[in-house]
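Quick look at final.cif (mmCIF, C-alpha atoms):
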```cif
data_coords
#
loop_
_atom_site.label_atom_id
_atom_site.label_comp_id
_atom_site.auth_asym_id
_atom_site.auth_seq_id
_atom_site.Cartn_x
_atom_site.Cartn_y
_atom_site.Cartn_z
CA MET A 1 128.49 38.22 126.82
CA GLN A 2 125.62 39.05 129.13
CA VAL A 3 127.52 42.08 130.43
CA LYS A 4 128.12 43.36 126.88
CA LEU A 5 124.42 43.19 126.03
CA THR A 6 123.56 45.02 129.22
CA ILE A 7 125.93 47.89 128.37
CA ILE A 8 124.49 48.23 124.86
CA SER A 9 120.95 48.36 126.28
CA ILE A 10 121.89 51.15 128.72
CA ILE A 11 123.51 53.21 125.93
CA SER A 12 120.40 52.81 123.75
CA ILE A 13 118.13 53.98 126.58
CA LEU A 14 120.31 57.05 127.15
CA CYS A 15 120.24 57.94 123.44
CA LEU A 16 116.46 57.73 123.40
CA GLY A 17 116.18 59.85 126.51
CA PHE A 18 118.46 62.62 125.21
CA PRO A 19 117.92 63.07 121.45
CA LEU A 20 120.55 65.06 119.56
CA LYS A 21 119.52 68.47 118.30
CA GLY A 22 121.03 69.73 115.05
CA SER A 23 121.50 73.41 114.30
CA ALA A 24 122.04 73.13 110.55
CA GLN A 25 118.47 74.09 109.73
CA ALA A 26 117.97 76.62 112.54
CA MET A 27 117.37 80.27 111.63
CA VAL A 28 120.01 82.53 113.15
CA HIS A 29 119.44 86.29 113.37
CA ASP A 30 122.73 88.21 113.41
CA GLU A 31 121.84 91.73 114.60
CA GLU A 32 125.41 93.00 114.17
CA LYS A 33 125.59 92.05 110.49
CA GLU A 34 122.09 93.39 109.95
CA LYS A 35 123.15 96.82 111.24
CA GLN A 36 126.23 96.81 109.04
CA TRP A 37 124.25 95.92 105.92
CA LYS A 38 121.61 98.56 106.61
CA SER A 39 124.33 101.16 107.16
CA MET A 40 125.87 100.32 103.80
CA GLU A 41 122.50 100.46 102.07
CA ASN A 42 119.97 103.09 103.14
CA GLY A 43 119.28 102.31 106.78
CA PRO A 44 120.43 104.17 109.91
CA TRP A 45 124.19 104.63 110.28
CA ASP A 46 124.75 102.27 113.20
CA PHE A 47 127.10 99.42 114.09
CA ALA A 48 127.41 96.83 116.82
CA PRO A 49 129.13 96.13 119.11
CA ASP A 50 129.69 99.88 119.43
CA TRP A 51 132.89 99.87 121.50
CA PHE A 52 134.44 97.27 119.22
CA TYR A 53 133.93 99.58 116.23
CA TYR A 54 135.17 102.56 118.25
CA PHE A 55 138.50 100.93 119.11
CA PHE A 56 139.15 98.85 115.95
CA HIS A 57 137.10 100.45 113.10
CA LYS A 58 136.83 104.08 114.12
CA LYS A 59 137.68 105.52 110.70
CA TYR A 60 135.48 103.04 108.94
CA SER A 61 132.43 103.58 111.15
CA GLY A 62 132.90 107.24 112.08
CA ALA A 63 132.57 106.32 115.77
CA GLU A 64 132.85 108.95 118.51
CA THR A 65 132.20 109.08 122.23
CA TYR A 66 129.86 111.35 124.15
CA TRP A 67 128.66 111.63 127.74
CA LYS A 68 125.08 110.69 128.44
CA TRP A 69 123.31 111.60 131.68
CA ALA A 70 121.02 108.81 132.78
CA GLY A 71 121.09 108.81 136.55
CA PHE A 72 123.02 105.82 137.89
CA LYS A 73 123.42 104.65 134.30
CA SER A 74 125.20 107.83 133.20
CA GLY A 75 128.43 107.32 131.34
CA TRP A 76 130.26 107.44 128.06
CA ARG A 77 128.44 106.17 125.03
CA VAL A 78 129.44 105.53 121.45
CA ARG A 79 127.63 106.95 118.45
CA PHE A 80 128.41 106.84 114.76
CA LYS A 81 128.62 109.80 112.37
CA GLU A 82 128.41 108.99 108.68
CA HIS A 83 130.22 112.16 107.59
CA LYS A 84 133.26 111.13 109.70
CA SER A 85 133.50 107.77 107.97
CA ASN A 86 136.15 107.23 105.30
CA VAL A 87 133.83 105.01 103.26
CA LYS A 88 130.66 105.72 101.31
CA ARG A 89 127.35 103.95 101.20
CA ILE A 90 126.63 101.49 98.40
CA MET A 91 123.09 102.77 97.90
CA PRO A 92 123.90 106.26 96.50
CA VAL A 93 126.23 104.66 93.99
CA ARG A 94 123.54 102.14 93.08
CA VAL A 95 120.90 104.85 92.81
CA THR A 96 123.19 106.87 90.55
CA ALA A 97 123.86 103.82 88.40
CA GLU A 98 120.14 103.09 88.14
CA GLU A 99 119.38 106.69 87.22
CA THR A 100 122.14 106.63 84.59
CA GLN A 101 120.66 103.44 83.19
CA ARG A 102 117.19 105.01 83.12
CA GLN A 103 118.55 108.04 81.30
CA LYS A 104 120.25 105.80 78.76
CA MET A 105 117.03 103.84 78.23
CA LYS A 106 115.07 107.09 77.91
CA LYS A 107 117.51 108.43 75.33
CA ALA A 108 117.42 105.14 73.42
CA GLU A 109 113.60 105.23 73.42
CA GLU A 110 113.61 108.85 72.18
CA GLU A 111 116.01 107.95 69.37
CA ARG A 112 113.89 104.91 68.47
CA ALA A 113 110.74 107.06 68.38
CA TYR A 114 112.55 109.68 66.26
CA ILE A 115 113.77 107.07 63.77
CA GLU A 116 110.31 105.50 63.66
CA GLU A 117 108.80 108.92 62.93
CA LEU A 118 111.30 109.47 60.11
CA TYR A 119 110.50 106.02 58.74
CA LYS A 120 106.74 106.73 58.77
CA GLU A 121 107.33 110.10 57.14
CA GLU A 122 109.44 108.50 54.41
CA LEU A 123 106.71 105.89 53.81
CA LEU A 124 104.19 108.70 53.37
CA ARG A 125 106.52 110.48 50.96
CA GLU A 126 107.05 107.27 49.02
CA ALA A 127 103.30 106.78 48.76
CA ASP A 128 102.94 110.42 47.69
CA ARG A 129 105.58 109.99 44.99
CA SER A 130 104.01 106.82 43.63
CA VAL A 131 100.88 108.60 42.35
CA ASP A 132 100.69 111.87 40.41
CA LEU A 133 97.66 113.62 41.86
CA MET A 134 98.40 116.97 40.20
CA TYR A 135 98.46 116.07 36.50
CA ALA A 136 94.69 115.79 36.23
CA THR A 137 94.40 119.41 37.36
CA TYR A 138 96.64 120.71 34.56
CA LYS A 139 95.94 118.17 31.81
CA GLY A 140 92.96 120.02 30.31
CA GLU A 141 94.82 123.36 30.22
CA PHE A 142 97.91 121.77 28.68
CA ASN A 143 95.81 120.11 25.94
CA ARG A 144 94.02 123.37 25.17
CA MET A 145 97.29 125.31 24.80
CA GLN A 146 98.83 122.54 22.70
CA ASP A 147 95.90 122.73 20.31
CA CYS A 148 96.42 126.50 20.00
CA ILE A 149 100.14 126.07 19.30
CA SER A 150 99.66 123.26 16.74
CA GLU A 151 96.87 125.02 14.85
CA GLY A 152 98.72 128.34 15.00
CA LEU A 153 101.98 126.95 13.61
CA LEU A 154 100.13 125.10 10.86
CA TYR A 155 98.32 128.32 9.92
CA CYS A 156 101.68 130.17 9.72
CA LEU A 157 103.18 127.59 7.35
CA THR A 158 100.12 127.52 5.18
CA LYS A 159 99.59 131.28 5.08
CA SER A 160 103.27 132.08 4.38
CA LYS A 161 103.63 129.17 1.95
CA GLY A 162 106.67 127.91 3.87
CA LYS A 163 108.44 131.26 4.20
CA LEU A 164 108.07 131.21 8.01
CA GLN A 165 109.51 127.68 8.23
CA TYR A 166 112.46 128.72 10.42
CA GLN A 167 110.27 130.50 12.97
CA VAL A 168 107.81 127.63 13.00
CA ASP A 169 110.58 125.05 13.52
CA GLU A 170 112.07 127.06 16.41
CA LEU A 171 108.75 127.34 18.20
CA SER A 172 108.09 123.64 17.53
CA ARG A 173 111.49 122.69 19.02
CA GLN A 174 110.86 124.73 22.18
CA ASN A 175 107.40 123.21 22.50
CA GLU A 176 108.82 119.65 22.20
CA VAL A 177 111.36 120.35 24.94
CA LEU A 178 108.60 121.69 27.18
CA CYS A 179 106.37 118.68 26.52
CA ALA A 180 109.28 116.36 27.34
CA ASP A 181 109.76 118.18 30.64
CA ILE A 182 106.08 117.75 31.48
CA ALA A 183 106.25 114.04 30.62
CA TYR A 184 109.26 113.69 32.93
CA ILE A 185 107.41 115.40 35.77
CA HIS A 186 104.46 113.07 35.20
CA LYS A 187 106.62 109.92 35.43
CA THR A 188 106.37 107.78 38.56
CA GLY A 189 108.38 104.90 39.94
CA ILE A 190 111.91 104.43 41.22
CA GLY A 191 114.13 107.36 40.29
CA TYR A 192 111.30 109.48 38.86
CA GLY A 193 108.95 110.04 41.76
CA LEU A 194 108.33 113.58 42.95
CA GLU A 195 106.18 114.59 45.88
CA ASN A 196 102.92 116.09 44.68
CA ALA A 197 103.75 119.48 46.18
CA LYS A 198 106.88 119.61 44.02
CA ARG A 199 104.94 118.32 41.02
CA GLN A 200 102.44 121.12 41.42
CA GLN A 201 105.20 123.72 41.49
CA ALA A 202 106.82 122.17 38.38
CA TYR A 203 103.48 122.08 36.54
CA GLU A 204 102.90 125.74 37.38
CA GLU A 205 106.27 126.66 35.88
CA ALA A 206 105.56 124.53 32.79
CA LYS A 207 102.14 126.15 32.41
CA GLU A 208 103.74 129.61 32.47
CA LYS A 209 106.28 128.62 29.80
CA MET A 210 103.58 127.07 27.60
CA SER A 211 101.46 130.21 27.92
CA LYS A 212 104.40 132.24 26.60
CA LEU A 213 104.71 129.85 23.64
CA VAL A 214 101.01 130.39 22.90
CA ASP A 215 101.58 134.16 22.90
CA ARG A 216 104.57 133.84 20.58
CA THR A 217 102.60 131.58 18.26
CA ALA A 218 99.72 134.06 18.21
CA HIS A 219 102.17 136.84 17.38
CA LEU A 220 103.63 134.80 14.52
CA CYS A 221 100.10 134.13 13.24
CA ALA A 222 99.49 137.88 13.23
CA VAL A 223 102.69 138.39 11.18
CA ALA A 224 101.63 135.72 8.69
CA SER A 225 98.15 137.22 8.38
CA THR A 226 99.52 140.73 7.82
CA HIS A 227 102.44 140.06 5.47
CA TYR A 228 101.33 137.02 3.49
#
```
Just dump the structure as structure tokens.
Amino acid sequence: MQVKLTIISIISILCLGFPLKGSAQAMVHDEEKEKQWKSMENGPWDFAPDWFYYFFHKKYSGAETYWKWAGFKSGWRVRFKEHKSNVKRIMPVRVTAEETQRQKMKKAEEERAYIEELYKEELLREADRSVDLMYATYKGEFNRMQDCISEGLLYCLTKSKGKLQYQVDELSRQNEVLCADIAYIHKTGIGYGLENAKRQQAYEEAKEKMSKLVDRTAHLCAVASTHY
């Protein structure tokens, strides 16, 4: 029993004197892998160990030999040529993919801006259609010409004692159609809205037609005054 305890004590002393060192947490720098990764990305085209790549991965690495003069250290060396390799770098492909993605995003942004501009323009048009800003400009002229037509037609009926009824009715019918057109142009709301630029053009055309009706009414008044 005493011998057993002695042995255990000796083993414990040895363990304390020579602690175990673990390598699980140690940082290991692998230069060979680093060179390979840099070559595949955008670093210098270089591999290690050089002779290993020359004999076993020549096509992959583009390895070739050359003579280097260096005094007593002169001899054959290995160098790597990217253009002789049968593989391509990852980085150019990645750069191309990133550029393609940027172009797609740029195009999408341009389309979004274009659609947004169309939407804003349509909102402005909708606001423009919701209010008739042109009618006030023509209202006074329309009322003045309507008074001339009404008074003129009434004068013709009275002066001719009803004998110009047909002519008066025809001018009245044309005037009613024209007034209905003007009322339609003046309407606002869903299905009726016109942009004010188009309203102005329509009012100008209506004004020209009404002016012709005034002239025809004046001519009929002259006939009634002369013949009746």
Kindly provide, as a tab-separated table (two decimals) with C-alpha atoms, keeping the file's coordinate frame, the polymer residues lying within 10 Å of (99.1, 132.4, 4.6), counting all atoms listed in the file and using the coordinates exactly as they appear in the file.
```tsv
chain	number	residue	atom	x	y	z
A	154	LEU	CA	100.13	125.10	10.86
A	155	TYR	CA	98.32	128.32	9.92
A	156	CYS	CA	101.68	130.17	9.72
A	157	LEU	CA	103.18	127.59	7.35
A	158	THR	CA	100.12	127.52	5.18
A	159	LYS	CA	99.59	131.28	5.08
A	160	SER	CA	103.27	132.08	4.38
A	161	LYS	CA	103.63	129.17	1.95
A	162	GLY	CA	106.67	127.91	3.87
A	163	LYS	CA	108.44	131.26	4.20
A	164	LEU	CA	108.07	131.21	8.01
A	221	CYS	CA	100.10	134.13	13.24
A	223	VAL	CA	102.69	138.39	11.18
A	224	ALA	CA	101.63	135.72	8.69
A	225	SER	CA	98.15	137.22	8.38
A	226	THR	CA	99.52	140.73	7.82
A	227	HIS	CA	102.44	140.06	5.47
A	228	TYR	CA	101.33	137.02	3.49
```
Shortest interatomic distance to Leu220 of chain A - which of A:Phe142, A:Trp76, A:Tyr166, A:Trp45, counting all atoms listed in the file: A:Tyr166
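Residue selection for this entry, given the PyMOL selection byres ((chain A and resi 202) around 12), comprises Met134, Tyr135, Tyr138, Leu178, Asp181, Ile182, Ala183, Tyr184, Ile185, His186, Leu194, Glu195, Asn196, Ala197, Lys198, Arg199, Gln200, Gln201, Tyr203, Glu204, Glu205, Ala206, Lys207, Glu208 and Lys209 of chain A.
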Let me see the file: selected residues, C-alpha atoms, as a compact mmCIF listing (two decimals), in the frame of the given file.
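Wrote it out as selection_18.txt, contents follow:
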```
# COMPACT_ATOMS: atom_id res chain seq x y z
CA MET A 134 98.40 116.97 40.20
CA TYR A 135 98.46 116.07 36.50
CA TYR A 138 96.64 120.71 34.56
CA LEU A 178 108.60 121.69 27.18
CA ASP A 181 109.76 118.18 30.64
CA ILE A 182 106.08 117.75 31.48
CA ALA A 183 106.25 114.04 30.62
CA TYR A 184 109.26 113.69 32.93
CA ILE A 185 107.41 115.40 35.77
CA HIS A 186 104.46 113.07 35.20
CA LEU A 194 108.33 113.58 42.95
CA GLU A 195 106.18 114.59 45.88
CA ASN A 196 102.92 116.09 44.68
CA ALA A 197 103.75 119.48 46.18
CA LYS A 198 106.88 119.61 44.02
CA ARG A 199 104.94 118.32 41.02
CA GLN A 200 102.44 121.12 41.42
CA GLN A 201 105.20 123.72 41.49
CA TYR A 203 103.48 122.08 36.54
CA GLU A 204 102.90 125.74 37.38
CA GLU A 205 106.27 126.66 35.88
CA ALA A 206 105.56 124.53 32.79
CA LYS A 207 102.14 126.15 32.41
CA GLU A 208 103.74 129.61 32.47
CA LYS A 209 106.28 128.62 29.80
```
Which residues would end up in the selection if the PyMOL selection byres ((chain A and resi 213-217) around 7) were applied here, given that I need the answer as a list in words?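 Applied to this file, the PyMOL selection byres ((chain A and resi 213-217) around 7) returns Met145, Cys148, Ile149, Gly152, Leu153, Lys209, Met210, Ser211, Lys212, Ala218, His219, Leu220 and Cys221 of chain A.
Run against this file, the PyMOL selection byres ((chain A and resi 67) around 9) gives back A:Thr65, A:Tyr66, A:Lys68, A:Trp69, A:Ser74, A:Gly75, A:Trp76, A:Arg77, A:Val78.
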Taking 3 positions as the minimum chain separation for residues in the same chain, which residues sit within 9 Å of Trp51 of chain A when counting all atoms listed in the file? Answer as an MDAnalysis selection string. chainID A and resid 48 54:56 63 77:78
So how far away is atom CA of Ala180 of chain A from atom CA of Gln167 of chain A, in Å?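 Atom CA of Ala180 of chain A lies at a distance of 20.2 Å from atom CA of Gln167 of chain A.
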State, in Å with one decimal place, the distance from atom CA of Phe52 of chain A to atom CA of His83 of chain A.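 Atom-to-atom, atom CA of Phe52 of chain A to atom CA of His83 of chain A, that is 19.4 Å.
Here atom CA of Ser85 of chain A stands at a distance of 5.4 Å from atom CA of Ser61 of chain A.
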Nearest candidate to Asp132 of chain A (options A:His57, A:Arg144, A:Lys187, A:Lys33; using only C-alpha atoms):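 Under the stated criterion, the closest residue is A:Lys187.
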Can you pull segment 171-184 of chain A out of that block with all heavy atoms and hand it back as an mmCIF file, in the first residue's frame?
```cif
data_model
loop_
_atom_site.group_PDB
_atom_site.id
_atom_site.type_symbol
_atom_site.label_atom_id
_atom_site.label_comp_id
_atom_site.auth_asym_id
_atom_site.auth_seq_id
_atom_site.Cartn_x
_atom_site.Cartn_y
_atom_site.Cartn_z
ATOM 1 N N LEU A 171 -82.712 77.990 -86.039
ATOM 2 C CA LEU A 171 -81.625 78.660 -85.333
ATOM 3 C C LEU A 171 -81.652 78.345 -83.829
ATOM 4 O O LEU A 171 -80.607 78.185 -83.200
ATOM 5 C CB LEU A 171 -81.698 80.168 -85.546
ATOM 6 C CG LEU A 171 -81.341 80.670 -86.958
ATOM 7 C CD1 LEU A 171 -81.556 82.180 -87.069
ATOM 8 C CD2 LEU A 171 -79.905 80.319 -87.303
ATOM 9 N N SER A 172 -82.877 78.240 -83.288
ATOM 10 C CA SER A 172 -83.003 77.888 -81.862
ATOM 11 C C SER A 172 -82.462 76.480 -81.598
ATOM 12 O O SER A 172 -81.786 76.239 -80.578
ATOM 13 C CB SER A 172 -84.455 77.978 -81.420
ATOM 14 O OG SER A 172 -84.922 79.301 -81.524
ATOM 15 N N ARG A 173 -82.767 75.537 -82.493
ATOM 16 C CA ARG A 173 -82.286 74.156 -82.322
ATOM 17 C C ARG A 173 -80.758 74.107 -82.352
ATOM 18 O O ARG A 173 -80.127 73.460 -81.509
ATOM 19 C CB ARG A 173 -82.862 73.278 -83.426
ATOM 20 C CG ARG A 173 -82.509 71.786 -83.288
ATOM 21 C CD ARG A 173 -82.922 71.016 -84.520
ATOM 22 N NE ARG A 173 -82.152 71.448 -85.686
ATOM 23 C CZ ARG A 173 -80.914 71.038 -85.934
ATOM 24 N NH1 ARG A 173 -80.293 70.212 -85.096
ATOM 25 N NH2 ARG A 173 -80.292 71.470 -87.016
ATOM 26 N N GLN A 174 -80.146 74.795 -83.311
ATOM 27 C CA GLN A 174 -78.691 74.818 -83.399
ATOM 28 C C GLN A 174 -78.065 75.469 -82.172
ATOM 29 O O GLN A 174 -77.018 75.030 -81.676
ATOM 30 C CB GLN A 174 -78.274 75.560 -84.666
ATOM 31 C CG GLN A 174 -78.654 74.839 -85.960
ATOM 32 C CD GLN A 174 -78.224 75.597 -87.194
ATOM 33 O OE1 GLN A 174 -77.349 76.474 -87.126
ATOM 34 N NE2 GLN A 174 -78.825 75.283 -88.336
ATOM 35 N N ASN A 175 -78.728 76.499 -81.670
ATOM 36 C CA ASN A 175 -78.218 77.179 -80.479
ATOM 37 C C ASN A 175 -78.302 76.271 -79.251
ATOM 38 O O ASN A 175 -77.403 76.267 -78.395
ATOM 39 C CB ASN A 175 -79.002 78.460 -80.237
ATOM 40 C CG ASN A 175 -78.401 79.292 -79.122
ATOM 41 O OD1 ASN A 175 -77.208 79.554 -79.109
ATOM 42 N ND2 ASN A 175 -79.235 79.695 -78.170
ATOM 43 N N GLU A 176 -79.374 75.479 -79.131
ATOM 44 C CA GLU A 176 -79.518 74.554 -78.001
ATOM 45 C C GLU A 176 -78.441 73.479 -78.032
ATOM 46 O O GLU A 176 -77.888 73.104 -76.987
ATOM 47 C CB GLU A 176 -80.909 73.917 -78.035
ATOM 48 C CG GLU A 176 -82.035 74.874 -77.653
ATOM 49 C CD GLU A 176 -83.416 74.242 -77.813
ATOM 50 O OE1 GLU A 176 -83.465 73.050 -78.208
ATOM 51 O OE2 GLU A 176 -84.417 74.921 -77.550
ATOM 52 N N VAL A 177 -78.149 72.967 -79.231
ATOM 53 C CA VAL A 177 -77.089 71.956 -79.363
ATOM 54 C C VAL A 177 -75.742 72.543 -78.934
ATOM 55 O O VAL A 177 -74.954 71.908 -78.222
ATOM 56 C CB VAL A 177 -77.020 71.436 -80.811
ATOM 57 C CG1 VAL A 177 -75.790 70.549 -81.009
ATOM 58 C CG2 VAL A 177 -78.282 70.676 -81.165
ATOM 59 N N LEU A 178 -75.488 73.772 -79.356
ATOM 60 C CA LEU A 178 -74.222 74.425 -79.011
ATOM 61 C C LEU A 178 -74.120 74.668 -77.513
ATOM 62 O O LEU A 178 -73.065 74.439 -76.897
ATOM 63 C CB LEU A 178 -74.102 75.740 -79.770
ATOM 64 C CG LEU A 178 -72.809 76.538 -79.550
ATOM 65 C CD1 LEU A 178 -71.589 75.701 -79.899
ATOM 66 C CD2 LEU A 178 -72.826 77.818 -80.374
ATOM 67 N N CYS A 179 -75.215 75.101 -76.903
ATOM 68 C CA CYS A 179 -75.214 75.328 -75.445
ATOM 69 C C CYS A 179 -75.005 74.020 -74.676
ATOM 70 O O CYS A 179 -74.343 74.001 -73.627
ATOM 71 C CB CYS A 179 -76.519 75.989 -75.014
ATOM 72 S SG CYS A 179 -76.659 77.715 -75.552
ATOM 73 N N ALA A 180 -75.570 72.925 -75.202
ATOM 74 C CA ALA A 180 -75.379 71.621 -74.569
ATOM 75 C C ALA A 180 -73.905 71.199 -74.652
ATOM 76 O O ALA A 180 -73.351 70.620 -73.702
ATOM 77 C CB ALA A 180 -76.264 70.579 -75.228
ATOM 78 N N ASP A 181 -73.280 71.496 -75.779
ATOM 79 C CA ASP A 181 -71.857 71.178 -75.931
ATOM 80 C C ASP A 181 -71.012 71.959 -74.931
ATOM 81 O O ASP A 181 -70.084 71.421 -74.318
ATOM 82 C CB ASP A 181 -71.390 71.496 -77.355
ATOM 83 C CG ASP A 181 -71.968 70.531 -78.374
ATOM 84 O OD1 ASP A 181 -72.427 69.441 -77.969
ATOM 85 O OD2 ASP A 181 -71.963 70.868 -79.584
ATOM 86 N N ILE A 182 -71.359 73.238 -74.759
ATOM 87 C CA ILE A 182 -70.610 74.065 -73.807
ATOM 88 C C ILE A 182 -70.802 73.554 -72.379
ATOM 89 O O ILE A 182 -69.852 73.509 -71.584
ATOM 90 C CB ILE A 182 -71.058 75.534 -73.920
ATOM 91 C CG1 ILE A 182 -70.646 76.096 -75.278
ATOM 92 C CG2 ILE A 182 -70.463 76.383 -72.788
ATOM 93 C CD1 ILE A 182 -71.174 77.482 -75.555
ATOM 94 N N ALA A 183 -72.021 73.146 -72.054
ATOM 95 C CA ALA A 183 -72.298 72.605 -70.719
ATOM 96 C C ALA A 183 -71.504 71.321 -70.482
ATOM 97 O O ALA A 183 -71.013 71.064 -69.374
ATOM 98 C CB ALA A 183 -73.795 72.352 -70.566
ATOM 99 N N TYR A 184 -71.350 70.509 -71.543
ATOM 100 C CA TYR A 184 -70.592 69.269 -71.422
ATOM 101 C C TYR A 184 -69.111 69.569 -71.187
ATOM 102 O O TYR A 184 -68.448 68.910 -70.378
ATOM 103 C CB TYR A 184 -70.755 68.437 -72.689
ATOM 104 C CG TYR A 184 -70.046 67.097 -72.630
ATOM 105 C CD1 TYR A 184 -70.639 66.009 -72.005
ATOM 106 C CD2 TYR A 184 -68.787 66.929 -73.207
ATOM 107 C CE1 TYR A 184 -70.001 64.785 -71.937
ATOM 108 C CE2 TYR A 184 -68.137 65.714 -73.146
ATOM 109 C CZ TYR A 184 -68.749 64.642 -72.515
ATOM 110 O OH TYR A 184 -68.110 63.439 -72.450
#
```
